[in-house]
file model_32.txt (compact mmCIF, C-alpha atoms and all ligand atoms)
# COMPACT_ATOMS: atom_id res chain seq x y z
CA MET A 11 206.75 -8.60 54.38
CA ASP A 12 203.97 -6.05 54.02
CA ARG A 13 203.27 -3.87 57.02
CA PRO A 14 199.83 -2.46 57.71
CA SER A 15 199.06 0.80 55.96
CA GLY A 16 200.17 3.64 58.23
CA LYS A 17 196.68 5.18 58.36
CA ASP A 18 194.91 2.77 60.67
CA LYS A 19 195.50 2.17 64.36
CA PRO A 20 196.95 -1.27 65.09
CA LEU A 21 194.24 -3.51 66.54
CA PHE A 22 195.38 -5.51 69.58
CA THR A 23 192.12 -7.43 69.48
CA PRO A 24 190.94 -10.93 68.54
CA GLY A 25 189.27 -9.61 65.37
CA PRO A 26 188.51 -7.76 63.23
CA LEU A 27 192.27 -7.50 62.95
CA THR A 28 194.96 -5.40 61.41
CA THR A 29 195.48 -6.76 57.89
CA SER A 30 198.27 -6.19 55.38
CA ALA A 31 197.97 -3.45 52.77
CA THR A 32 198.05 -6.11 50.06
CA VAL A 33 195.15 -8.03 51.62
CA LYS A 34 193.13 -4.80 51.65
CA GLU A 35 194.17 -4.03 48.05
CA ALA A 36 192.93 -7.44 46.92
CA MET A 37 189.41 -6.16 47.61
CA LEU A 38 189.63 -3.43 44.95
CA SER A 39 187.77 -5.54 42.41
CA ASP A 40 184.06 -5.93 41.84
CA LEU A 41 183.66 -9.48 40.63
CA GLY A 42 180.31 -11.06 39.87
CA SER A 43 179.46 -14.19 41.79
CA ARG A 44 179.45 -16.23 38.54
CA ASP A 45 182.67 -14.73 37.25
CA THR A 46 185.19 -17.45 36.40
CA ALA A 47 187.99 -15.57 38.22
CA PHE A 48 185.85 -15.47 41.36
CA ILE A 49 184.84 -19.12 41.11
CA GLY A 50 188.52 -19.99 40.60
CA ALA A 51 189.44 -18.06 43.76
CA VAL A 52 186.76 -19.90 45.76
CA ARG A 53 188.05 -23.24 44.49
CA GLU A 54 191.61 -22.32 45.46
CA ILE A 55 190.49 -21.13 48.89
CA ARG A 56 188.71 -24.39 49.61
CA ALA A 57 191.72 -26.43 48.46
CA GLY A 58 194.10 -24.10 50.31
CA LEU A 59 192.24 -24.55 53.59
CA LEU A 60 192.44 -28.34 53.34
CA LEU A 61 196.14 -28.09 52.50
CA LEU A 62 196.71 -25.84 55.51
CA ALA A 63 195.05 -28.49 57.70
CA GLY A 64 197.20 -31.23 56.15
CA VAL A 65 194.21 -33.04 54.62
CA SER A 66 192.62 -33.29 51.17
CA GLN A 67 189.42 -34.28 49.40
CA GLU A 68 191.18 -37.51 48.44
CA SER A 69 191.83 -38.28 52.10
CA GLY A 70 188.14 -37.72 52.90
CA TRP A 71 187.87 -34.05 53.90
CA GLU A 72 185.80 -31.12 52.63
CA ALA A 73 186.03 -27.36 53.18
CA VAL A 74 182.69 -25.53 53.29
CA LEU A 75 182.62 -21.72 53.26
CA MET A 76 179.70 -19.99 54.98
CA GLN A 77 178.67 -16.33 54.81
CA GLY A 78 178.56 -14.38 58.06
CA SER A 79 180.82 -14.10 61.08
CA GLY A 80 182.37 -17.14 62.74
CA THR A 81 179.33 -17.78 64.91
CA PHE A 82 177.27 -18.43 61.76
CA SER A 83 179.64 -21.28 60.85
CA VAL A 84 179.46 -22.69 64.39
CA GLU A 85 175.66 -22.55 64.17
CA SER A 86 175.75 -24.08 60.70
CA VAL A 87 177.68 -27.14 61.92
CA LEU A 88 175.59 -27.59 65.06
CA SER A 89 172.22 -27.07 63.40
CA SER A 90 173.12 -29.29 60.44
CA SER A 91 174.89 -32.17 62.14
CA LEU A 92 172.76 -33.01 65.17
CA PRO A 93 169.98 -35.48 64.31
CA GLU A 94 166.46 -35.26 65.80
CA ASP A 95 167.42 -37.75 68.50
CA GLY A 96 170.92 -36.34 69.05
CA ALA A 97 172.37 -34.80 72.21
CA LEU A 98 175.43 -32.59 72.63
CA LEU A 99 178.12 -32.55 75.30
CA VAL A 100 179.87 -29.18 75.57
CA ALA A 101 183.15 -29.11 77.47
CA ARG A 102 183.50 -25.44 78.25
CA ASN A 103 185.64 -22.93 80.09
CA GLY A 104 184.54 -19.59 78.67
CA ALA A 105 182.02 -17.54 76.74
CA TYR A 106 182.52 -19.22 73.37
CA GLY A 107 181.90 -22.68 74.80
CA ALA A 108 178.80 -21.27 76.49
CA ARG A 109 177.71 -19.87 73.11
CA ILE A 110 177.94 -23.36 71.56
CA ALA A 111 175.61 -24.66 74.27
CA SER A 112 173.12 -21.82 73.77
CA ILE A 113 173.08 -22.26 69.99
CA ALA A 114 172.37 -25.97 70.38
CA ARG A 115 169.58 -25.31 72.91
CA CYS A 116 168.05 -22.72 70.60
CA HIS A 117 167.72 -25.48 68.00
CA GLY A 118 166.05 -27.75 70.53
CA VAL A 119 169.09 -29.99 71.03
CA PRO A 120 169.48 -31.51 74.53
CA VAL A 121 172.78 -30.28 75.98
CA VAL A 122 175.01 -31.58 78.78
CA GLU A 123 177.76 -29.24 79.96
CA VAL A 124 181.07 -29.98 81.65
CA VAL A 125 182.29 -26.69 83.01
CA ALA A 126 185.89 -25.84 83.95
CA SER A 127 187.00 -22.59 85.50
CA GLU A 128 187.92 -19.87 83.02
CA GLY A 129 191.63 -19.88 83.81
CA GLU A 130 192.01 -23.65 83.33
CA PRO A 131 191.71 -26.02 80.37
CA VAL A 132 188.70 -28.30 80.18
CA ASP A 133 189.26 -31.58 82.03
CA PRO A 134 189.30 -34.73 79.82
CA ALA A 135 188.51 -36.96 82.84
CA ALA A 136 185.36 -34.93 83.56
CA VAL A 137 184.40 -35.22 79.87
CA GLU A 138 184.77 -38.98 80.01
CA ALA A 139 182.73 -39.19 83.23
CA ALA A 140 179.90 -37.13 81.67
CA ILE A 141 179.81 -39.40 78.61
CA ARG A 142 179.52 -42.47 80.85
CA GLU A 143 176.73 -40.82 82.79
CA HIS A 144 174.79 -39.74 79.66
CA PRO A 145 174.52 -42.57 77.13
CA GLU A 146 172.16 -40.39 75.05
CA LEU A 147 175.08 -38.17 73.91
CA THR A 148 175.91 -38.27 70.19
CA HIS A 149 178.14 -35.18 69.73
CA LEU A 150 180.93 -33.47 71.68
CA ALA A 151 182.07 -29.85 71.25
CA VAL A 152 185.05 -27.93 72.60
CA VAL A 153 186.75 -24.61 71.87
CA HIS A 154 190.41 -24.86 70.80
CA CYS A 155 191.78 -21.56 72.13
CA GLU A 156 189.14 -20.07 74.46
CA THR A 157 189.48 -16.43 73.43
CA THR A 158 187.56 -15.36 76.54
CA SER A 159 190.72 -15.90 78.56
CA GLY A 160 193.44 -17.13 76.16
CA VAL A 161 193.50 -20.73 77.51
CA LEU A 162 194.52 -23.52 75.12
CA ASN A 163 192.31 -26.59 75.48
CA PRO A 164 193.51 -30.23 75.14
CA VAL A 165 191.73 -30.94 71.86
CA GLU A 166 193.68 -34.12 71.21
CA GLU A 167 192.88 -35.78 74.56
CA VAL A 168 189.23 -34.75 74.32
CA GLY A 169 189.11 -36.04 70.72
CA ALA A 170 190.47 -39.43 71.80
CA ILE A 171 187.62 -39.69 74.31
CA ALA A 172 185.02 -38.66 71.71
CA HIS A 173 186.40 -41.30 69.36
CA ALA A 174 186.51 -44.03 72.00
CA HIS A 175 182.81 -43.42 72.73
CA GLY A 176 181.74 -43.03 69.10
CA LEU A 177 180.75 -39.34 69.39
CA THR A 178 180.94 -36.86 66.53
CA TYR A 179 183.60 -34.32 67.51
CA PHE A 180 183.34 -30.58 66.83
CA VAL A 181 186.20 -28.12 67.51
CA ASP A 182 185.65 -24.36 67.47
CA SER A 183 189.13 -23.30 66.39
CA MET A 184 188.03 -19.78 65.55
CA SER A 185 190.96 -17.93 67.08
CA ALA A 186 193.57 -20.70 66.65
CA PHE A 187 193.38 -22.29 63.20
CA GLY A 188 196.28 -21.11 61.03
CA ALA A 189 198.62 -20.34 63.94
CA VAL A 190 198.13 -23.25 66.33
CA PRO A 191 198.91 -26.65 64.80
CA ILE A 192 196.15 -29.23 64.86
CA ASP A 193 196.29 -32.71 63.35
CA LEU A 194 192.67 -33.37 62.41
CA GLU A 195 193.17 -37.13 62.14
CA ALA A 196 195.20 -37.52 65.34
CA CYS A 197 192.59 -35.42 67.19
CA HIS A 198 189.70 -37.42 65.66
CA VAL A 199 188.02 -34.18 64.58
CA ASP A 200 184.85 -34.45 62.51
CA PHE A 201 184.14 -30.72 62.12
CA LEU A 202 186.47 -27.77 62.74
CA VAL A 203 185.30 -24.19 62.36
CA SER A 204 187.25 -20.97 61.99
CA SER A 205 186.74 -17.60 60.32
CA ALA A 206 188.31 -15.35 57.72
CA ASN A 207 189.51 -12.67 60.08
CA LYS A 208 191.49 -14.50 62.70
CA CYS A 209 194.89 -16.16 62.29
CA ILE A 210 194.69 -16.32 58.50
CA GLU A 211 194.49 -12.50 58.58
CA GLY A 212 191.69 -11.89 56.12
CA VAL A 213 188.81 -9.47 56.63
CA PRO A 214 185.42 -10.35 58.16
CA GLY A 215 182.62 -11.71 55.99
CA PHE A 216 182.63 -15.49 56.18
CA GLY A 217 183.68 -18.51 58.17
CA PHE A 218 184.51 -22.04 57.15
CA ALA A 219 184.07 -25.60 58.32
CA LEU A 220 186.56 -28.37 57.64
CA CYS A 221 184.46 -31.50 57.58
CA ARG A 222 185.23 -35.18 57.61
CA ARG A 223 183.36 -36.34 54.52
CA ALA A 224 181.51 -39.15 56.30
CA ALA A 225 180.30 -36.73 59.01
CA LEU A 226 179.26 -34.19 56.37
CA ASP A 227 177.35 -36.85 54.40
CA ALA A 228 175.45 -37.68 57.59
CA CYS A 229 174.17 -34.07 57.64
CA GLU A 230 172.08 -34.51 54.50
CA GLY A 231 168.47 -33.69 55.32
CA ARG A 232 169.20 -32.87 58.99
CA ALA A 233 169.46 -29.07 58.78
CA ARG A 234 167.32 -27.00 61.13
CA SER A 235 167.94 -23.84 59.07
CA VAL A 236 167.82 -23.06 55.34
CA SER A 237 170.56 -20.45 55.08
CA LEU A 238 172.92 -22.31 57.44
CA ASP A 239 172.43 -25.75 55.88
CA LEU A 240 176.03 -27.05 55.83
CA TYR A 241 175.34 -29.99 53.54
CA ALA A 242 173.38 -27.91 51.02
CA GLN A 243 176.10 -25.23 51.06
CA TRP A 244 178.72 -27.89 50.32
CA ALA A 245 176.59 -29.53 47.63
CA GLY A 246 176.12 -26.13 45.96
CA LEU A 247 179.84 -25.35 46.01
CA GLU A 248 180.62 -28.79 44.61
CA ALA A 249 177.98 -28.62 41.89
CA ASN A 250 179.02 -25.36 40.24
CA GLY A 251 181.59 -23.67 42.47
CA GLN A 252 179.03 -21.09 43.56
CA PHE A 253 177.50 -20.05 46.84
CA ARG A 254 173.76 -20.65 47.17
CA PHE A 255 173.18 -17.05 48.24
CA THR A 256 175.11 -13.80 47.63
CA PRO A 257 178.77 -14.44 48.50
CA PRO A 258 180.99 -11.89 50.30
CA THR A 259 183.06 -11.46 47.13
CA HIS A 260 185.49 -8.82 48.42
CA SER A 261 186.12 -10.68 51.63
CA LEU A 262 186.83 -13.87 49.66
CA LEU A 263 189.31 -12.07 47.40
CA ALA A 264 191.06 -10.68 50.47
CA PHE A 265 191.19 -14.16 51.98
CA HIS A 266 192.59 -15.63 48.78
CA ARG A 267 195.46 -13.16 49.08
CA ALA A 268 195.78 -13.74 52.85
CA LEU A 269 196.25 -17.49 52.31
CA ARG A 270 199.11 -16.73 49.93
CA GLU A 271 200.71 -14.45 52.51
CA LEU A 272 200.35 -17.13 55.17
CA ASP A 273 202.13 -19.57 52.87
CA GLU A 274 204.90 -17.01 52.23
CA GLU A 275 205.35 -16.60 55.98
CA GLY A 276 205.99 -20.34 56.35
CA GLY A 277 202.47 -21.62 56.87
CA VAL A 278 201.17 -22.47 60.34
CA ALA A 279 204.70 -22.85 61.77
CA GLY A 280 205.80 -19.44 60.49
CA ARG A 281 202.73 -17.67 61.77
CA GLN A 282 202.90 -19.47 65.08
CA ALA A 283 206.52 -18.31 65.46
CA ARG A 284 205.63 -14.63 64.89
CA TYR A 285 202.63 -14.78 67.22
CA GLN A 286 204.70 -16.52 69.90
CA VAL A 287 207.30 -13.76 69.74
CA ASN A 288 204.52 -11.15 69.91
CA HIS A 289 202.90 -12.90 72.82
CA ALA A 290 206.16 -13.34 74.75
CA ARG A 291 206.82 -9.60 74.36
CA ILE A 292 203.40 -8.76 75.77
CA LEU A 293 203.78 -11.17 78.66
CA ASP A 294 207.25 -9.90 79.61
CA GLY A 295 206.17 -6.30 79.10
CA ILE A 296 203.07 -6.41 81.29
CA LYS A 297 205.00 -8.18 84.04
CA ALA A 298 207.71 -5.51 83.84
CA LEU A 299 204.95 -2.93 84.39
CA GLY A 300 203.83 -4.78 87.51
CA LEU A 301 200.69 -6.23 85.89
CA SER A 302 199.66 -9.90 86.14
CA PRO A 303 198.34 -12.27 83.49
CA TYR A 304 195.07 -14.03 84.37
CA VAL A 305 195.96 -17.39 82.81
CA PRO A 306 198.77 -19.50 84.32
CA GLU A 307 201.62 -19.69 81.81
CA GLU A 308 201.31 -23.45 81.25
CA HIS A 309 197.71 -23.08 79.99
CA GLN A 310 198.21 -19.93 77.93
CA CYS A 311 197.90 -19.94 74.13
CA TRP A 312 199.88 -17.38 72.07
CA ILE A 313 196.85 -15.53 70.64
CA ILE A 314 195.54 -13.20 73.31
CA THR A 315 196.48 -12.27 76.90
CA SER A 316 194.03 -11.45 79.69
CA VAL A 317 195.61 -8.94 82.05
CA ARG A 318 194.25 -8.43 85.57
CA TYR A 319 193.29 -4.89 86.48
CA PRO A 320 195.94 -3.38 88.74
CA GLU A 321 194.82 -3.07 92.35
CA SER A 322 194.85 0.71 92.38
CA GLU A 323 192.12 3.23 93.11
CA ALA A 324 193.51 5.27 90.24
CA PHE A 325 192.79 2.57 87.63
CA SER A 326 189.84 2.71 85.29
CA PHE A 327 189.65 0.55 82.15
CA GLU A 328 187.64 3.18 80.27
CA GLU A 329 190.33 5.76 80.91
CA LEU A 330 193.12 3.35 79.97
CA TYR A 331 191.27 2.42 76.76
CA ASP A 332 190.60 6.05 75.79
CA ARG A 333 194.12 7.25 76.51
CA LEU A 334 195.66 4.37 74.54
CA ASN A 335 193.18 4.96 71.75
CA GLU A 336 194.16 8.64 71.60
CA ARG A 337 197.77 7.53 71.21
CA GLY A 338 196.70 5.18 68.38
CA TYR A 339 196.47 1.78 70.08
CA VAL A 340 193.29 -0.27 70.32
CA ILE A 341 193.08 -2.87 73.10
CA TYR A 342 190.13 -5.02 74.14
CA PRO A 343 187.93 -5.33 77.24
CA GLY A 344 188.08 -8.47 79.37
CA LYS A 345 185.53 -11.27 79.05
CA VAL A 346 186.20 -13.63 81.96
CA THR A 347 183.46 -13.51 84.59
CA ASP A 348 185.43 -14.15 87.79
CA ALA A 349 188.09 -11.41 87.58
CA ASP A 350 188.44 -7.87 86.30
CA CYS A 351 190.69 -8.03 83.25
CA PHE A 352 191.44 -6.35 79.96
CA ARG A 353 192.81 -8.21 76.95
CA ILE A 354 195.67 -7.62 74.55
CA GLY A 355 195.48 -9.55 71.29
CA ASN A 356 198.67 -10.18 69.33
CA ILE A 357 197.30 -11.69 66.11
CA GLY A 358 196.86 -9.92 62.77
CA ARG A 359 199.56 -8.08 60.81
CA LEU A 360 201.42 -7.08 63.95
CA PHE A 361 205.09 -7.54 64.77
CA GLU A 362 207.29 -7.35 67.85
CA GLU A 363 207.94 -3.64 67.30
CA ASP A 364 204.16 -3.07 67.43
CA MET A 365 204.08 -4.91 70.79
CA ASP A 366 206.99 -2.79 72.06
CA ALA A 367 205.29 0.42 70.98
CA LEU A 368 202.06 -0.60 72.74
CA LEU A 369 203.95 -1.46 75.92
CA VAL A 370 205.71 1.93 75.94
CA ALA A 371 202.33 3.64 75.54
CA LEU A 372 200.78 1.43 78.24
CA GLY A 373 203.56 2.37 80.68
CA GLU A 374 203.12 6.07 79.90
CA VAL A 375 199.37 5.91 80.37
CA LEU A 376 199.60 4.00 83.66
CA ARG A 377 202.06 6.63 84.90
CA GLU A 378 199.80 9.47 83.79
CA MET A 379 196.86 7.86 85.55
CA GLY A 380 198.92 7.54 88.72
CA VAL A 381 198.56 3.75 88.61
CA GLU A 382 202.15 2.72 88.05
CA GLU A 383 203.43 4.08 91.38
CA SER A 384 200.87 2.06 93.33
CA ILE A 385 201.71 -1.26 91.63
CA ALA A 386 205.49 -0.86 91.22
C1 LIG A 401 186.70 -19.19 69.99
C2 LIG A 401 185.70 -18.29 69.32
N1 LIG A 401 184.52 -18.80 68.94
C3 LIG A 401 183.59 -18.05 68.34
C4 LIG A 401 183.81 -16.70 68.11
C5 LIG A 401 182.76 -15.90 67.44
O1 LIG A 401 183.20 -15.43 66.21
P1 LIG A 401 182.43 -14.19 65.51
O2 LIG A 401 182.53 -13.04 66.46
O3 LIG A 401 183.22 -14.01 64.25
O4 LIG A 401 181.04 -14.61 65.28
C6 LIG A 401 185.02 -16.11 68.50
C7 LIG A 401 185.28 -14.69 68.29
O5 LIG A 401 186.25 -14.13 68.72
C8 LIG A 401 185.99 -16.93 69.12
O6 LIG A 401 187.16 -16.41 69.51
call {"tool": "encode", "arguments": {"input": "model_32.txt", "output": "C-alpha cells"}}
result
Amino acid sequence: MDRPSGKDKPLFTPGPLTTSATVKEAMLSDLGSRDTAFIGAVREIRAGLLLLAGVSQESGWEAVLMQGSGTFSVESVLSSSLPEDGALLVARNGAYGARIASIARCHGVPVVEVVASEGEPVDPAAVEAAIREHPELTHLAVVHCETTSGVLNPVEEVGAIAHAHGLTYFVDSMSAFGAVPIDLEACHVDFLVSSANKCIEGVPGFGFALCRRAALDACEGRARSVSLDLYAQWAGLEANGQFRFTPPTHSLLAFHRALRELDEEGGVAGRQARYQVNHARILDGIKALGLSPYVPEEHQCWIITSVRYPESEAFSFEELYDRLNERGYVIYPGKVTDADCFRIGNIGRLFEEDMDALLVALGEVLREMGVEESIA
C-alpha cells in the first residue's frame, strides 16, 4: 500500500486530505478535454462510482460529475431538482445541513427546517411530524455524516419517511461516501452527493451526484443556474463523454487512480475498516490524555472526532495548532456552535501509526503548554 510522500505534513482534516504518492503522480499528464484517454477515464469514473454504490445504469442510476468543490454539487442538485412550486424540508444538526437550507433559500425555494442539537442525530419522528404539518413539501434533505461534529445520521429511517410521503430524497454524503456503507435503494435515496477529496482520497476539483434516473429526468428544464444544471451536465456527458465547460482534468485523473486504490483496499468495507481503526486510536488516545469527545460514542461516525477544549487556563487552540504544525501535524478547528472544540480527522492516506504519532505529539504539546497537569 502506498504511503504519502514523506515531504508533506499529514492532514488530520476532513479535506483536502493526505493522498497517496501514486494518486498525486497520476496528475503528471496534460490531457486535452477531448482526448480519448481522458474521455475513457471519465467514463470509467462514472461507471466506477455506480459500482461502488452497488447500482448501475441498467438498474436506473446515473453518475453526474460536476466541477467545483462539494458544495457546487449540493447546489447543483438543489437548484436543478426543485420545481417552481416545490418546497424543501431540511433535517439538520450542523453547519452542512444549515448550508443546504441557505442554498435552497438563495434559489427562492421555501424551506422548512427540523433542527436537532449538534451532538445528536436528526430525529426521524420530528421529520415525520414536520411533513404532516407541511403538505406543501416536495423534497427532503439530510447530511449523512455531519462533519461539523462527526455525528452519523439515520439516513435509512429518514429515507423510509421520505418515501412513505412521496418526497424526493437528497443525501449529502460528502464526508461518508466510500467509507460508510449506504444502500441507495434500501434508503430510498433519489440524489446522493459527495466529492473527489473525501473518502475516495482524490484531490479537490469536482464533486459528483448519484441520481435515480427518474428523479434526474424530472430535472429537465428546472435548473435555476446554467453552470450547475445537473440535467444538462448529465446530458452532455452522455452525448459525447465530455463536460460542458472546462473539466478539472488533473483532478479527474487523480480520482481515476484513487478509485482503483479504493478497490485494491477492499472497496467500502476495506476503507471503512482502516478508518475505524484510525478513529478508535484517536478516541482511545484523547481519552488517555484526559480529553473528552463531544459526540456520544453511539452517535459517532468513524470519519472525524470533535474534541472538547480542556478546562485549563493554560489551553489555547491557536497555540496547540501552531505547536502541532511546527512538529508536522495539521489538525482542524472545531465547528459546533454550543461547545469549544477542535477536530481531528482520520480520513485520507493515513494509518494507525500516523494516529499514534499525532497522539504522542499532542501529549507532548499539552505538557509543554502546562495543560496536561491540570486535566490529568
Ligand atoms: C457533509 C459536508 N457537506 C458539504 C461539505 C462542503 O464541501 P466543500 O467544502 O468541498 O464544498 C462538506 C465539507 O467538508 C461536508 O463535510
call {"tool": "residues_around", "arguments": {"input": "model_32.txt", "residues": "range 255-257 of chain A", "least_positions_apart": "4", "cutoff": "10 Å", "atoms": "all atoms listed in the file", "output": "PDB file with C-alpha atoms, in the coordinates of the input"}}
result
ATOM      1  CA  GLY A  42     180.310 -11.060  39.870  1.00  0.00           C
ATOM      2  CA  SER A  43     179.460 -14.190  41.790  1.00  0.00           C
ATOM      3  CA  LEU A  75     182.620 -21.720  53.260  1.00  0.00           C
ATOM      4  CA  MET A  76     179.700 -19.990  54.980  1.00  0.00           C
ATOM      5  CA  GLN A  77     178.670 -16.330  54.810  1.00  0.00           C
ATOM      6  CA  GLY A  78     178.560 -14.380  58.060  1.00  0.00           C
ATOM      7  CA  GLY A 215     182.620 -11.710  55.990  1.00  0.00           C
ATOM      8  CA  PHE A 216     182.630 -15.490  56.180  1.00  0.00           C
ATOM      9  CA  SER A 237     170.560 -20.450  55.080  1.00  0.00           C
ATOM     10  CA  GLN A 243     176.100 -25.230  51.060  1.00  0.00           C
ATOM     11  CA  GLY A 246     176.120 -26.130  45.960  1.00  0.00           C
ATOM     12  CA  SER A 261     186.120 -10.680  51.630  1.00  0.00           C
ATOM     13  CA  LEU A 262     186.830 -13.870  49.660  1.00  0.00           C
TER      14      LEU A 262
END
call {"tool": "closest_residue", "arguments": {"input": "model_32.txt", "among": "A:Ala219, A:Ala111, A:Leu98, A:Val33", "to": "Ala63 in chain A", "atoms": "all atoms listed in the file"}}
result
A:Ala219
call {"tool": "residues_near_ligand", "arguments": {"input": "model_32.txt", "ligand": "ligand LIG 401 (chain A)", "cutoff": "7 Å", "atoms": "all atoms listed in the file", "output": "PyMOL selection string"}}
result
chain A and resi 24-25+79-82+106+153-157+182-185+205
call {"tool": "atom_distance", "arguments": {"input": "model_32.txt", "atom1": "CA of Leu99 in chain A", "atom2": "CA of Ala196 in chain A"}}
result
20.4 Å
call {"tool": "closest_residue", "arguments": {"input": "model_32.txt", "among": "A:Ala97, A:Ile357, A:Ala170, A:Leu330", "to": "Gly373 in chain A", "atoms": "all atoms listed in the file"}}
result
A:Leu330
call {"tool": "closest_atom_pairs", "arguments": {"input": "model_32.txt", "of": "range 172-234 of chain A", "to": "range 306-321 of chain A", "cutoff": "9 Å", "atoms": "all atoms listed in the file", "output": "Markdown table"}}
result
| residue | atom | partner | partner_atom | distance |
| --- | --- | --- | --- | --- |
| A:Ser185 | CA | A:Ile313 | CA | 7.3 |
| A:Ala186 | CA | A:Ile313 | CA | 7.3 |
| A:Ala189 | CA | A:Ile313 | CA | 8.4 |
| A:Val190 | CA | A:Trp312 | CA | 8.4 |
| A:Cys209 | CA | A:Ile313 | CA | 8.6 |
call {"tool": "residues_around", "arguments": {"input": "model_32.txt", "residues": "range 114-120 of chain A", "least_positions_apart": "5", "cutoff": "10 Å", "atoms": "all atoms listed in the file", "output": "PDB file with C-alpha atoms, keeping the file's coordinate frame"}}
result
ATOM      1  CA  VAL A  84     179.460 -22.690  64.390  1.00  0.00           C
ATOM      2  CA  GLU A  85     175.660 -22.550  64.170  1.00  0.00           C
ATOM      3  CA  LEU A  88     175.590 -27.590  65.060  1.00  0.00           C
ATOM      4  CA  SER A  89     172.220 -27.070  63.400  1.00  0.00           C
ATOM      5  CA  LEU A  92     172.760 -33.010  65.170  1.00  0.00           C
ATOM      6  CA  PRO A  93     169.980 -35.480  64.310  1.00  0.00           C
ATOM      7  CA  GLU A  94     166.460 -35.260  65.800  1.00  0.00           C
ATOM      8  CA  ASP A  95     167.420 -37.750  68.500  1.00  0.00           C
ATOM      9  CA  GLY A  96     170.920 -36.340  69.050  1.00  0.00           C
ATOM     10  CA  ALA A  97     172.370 -34.800  72.210  1.00  0.00           C
ATOM     11  CA  LEU A  98     175.430 -32.590  72.630  1.00  0.00           C
ATOM     12  CA  LEU A  99     178.120 -32.550  75.300  1.00  0.00           C
ATOM     13  CA  VAL A 100     179.870 -29.180  75.570  1.00  0.00           C
ATOM     14  CA  ARG A 109     177.710 -19.870  73.110  1.00  0.00           C
ATOM     15  CA  GLU A 146     172.160 -40.390  75.050  1.00  0.00           C
ATOM     16  CA  LEU A 147     175.080 -38.170  73.910  1.00  0.00           C
ATOM     17  CA  ARG A 234     167.320 -27.000  61.130  1.00  0.00           C
ATOM     18  CA  SER A 235     167.940 -23.840  59.070  1.00  0.00           C
TER      19      SER A 235
END
call {"tool": "closest_residue", "arguments": {"input": "model_32.txt", "among": "A:Ile141, A:Ala36, A:Ala108, A:Ala101", "to": "Val181 in chain A", "atoms": "all atoms listed in the file"}}
result
A:Ala101
call {"tool": "closest_residue", "arguments": {"input": "model_32.txt", "among": "A:Phe201, A:Val52, A:Lys345, A:Ser127", "to": "Pro258 in chain A", "atoms": "all atoms listed in the file"}}
result
A:Val52
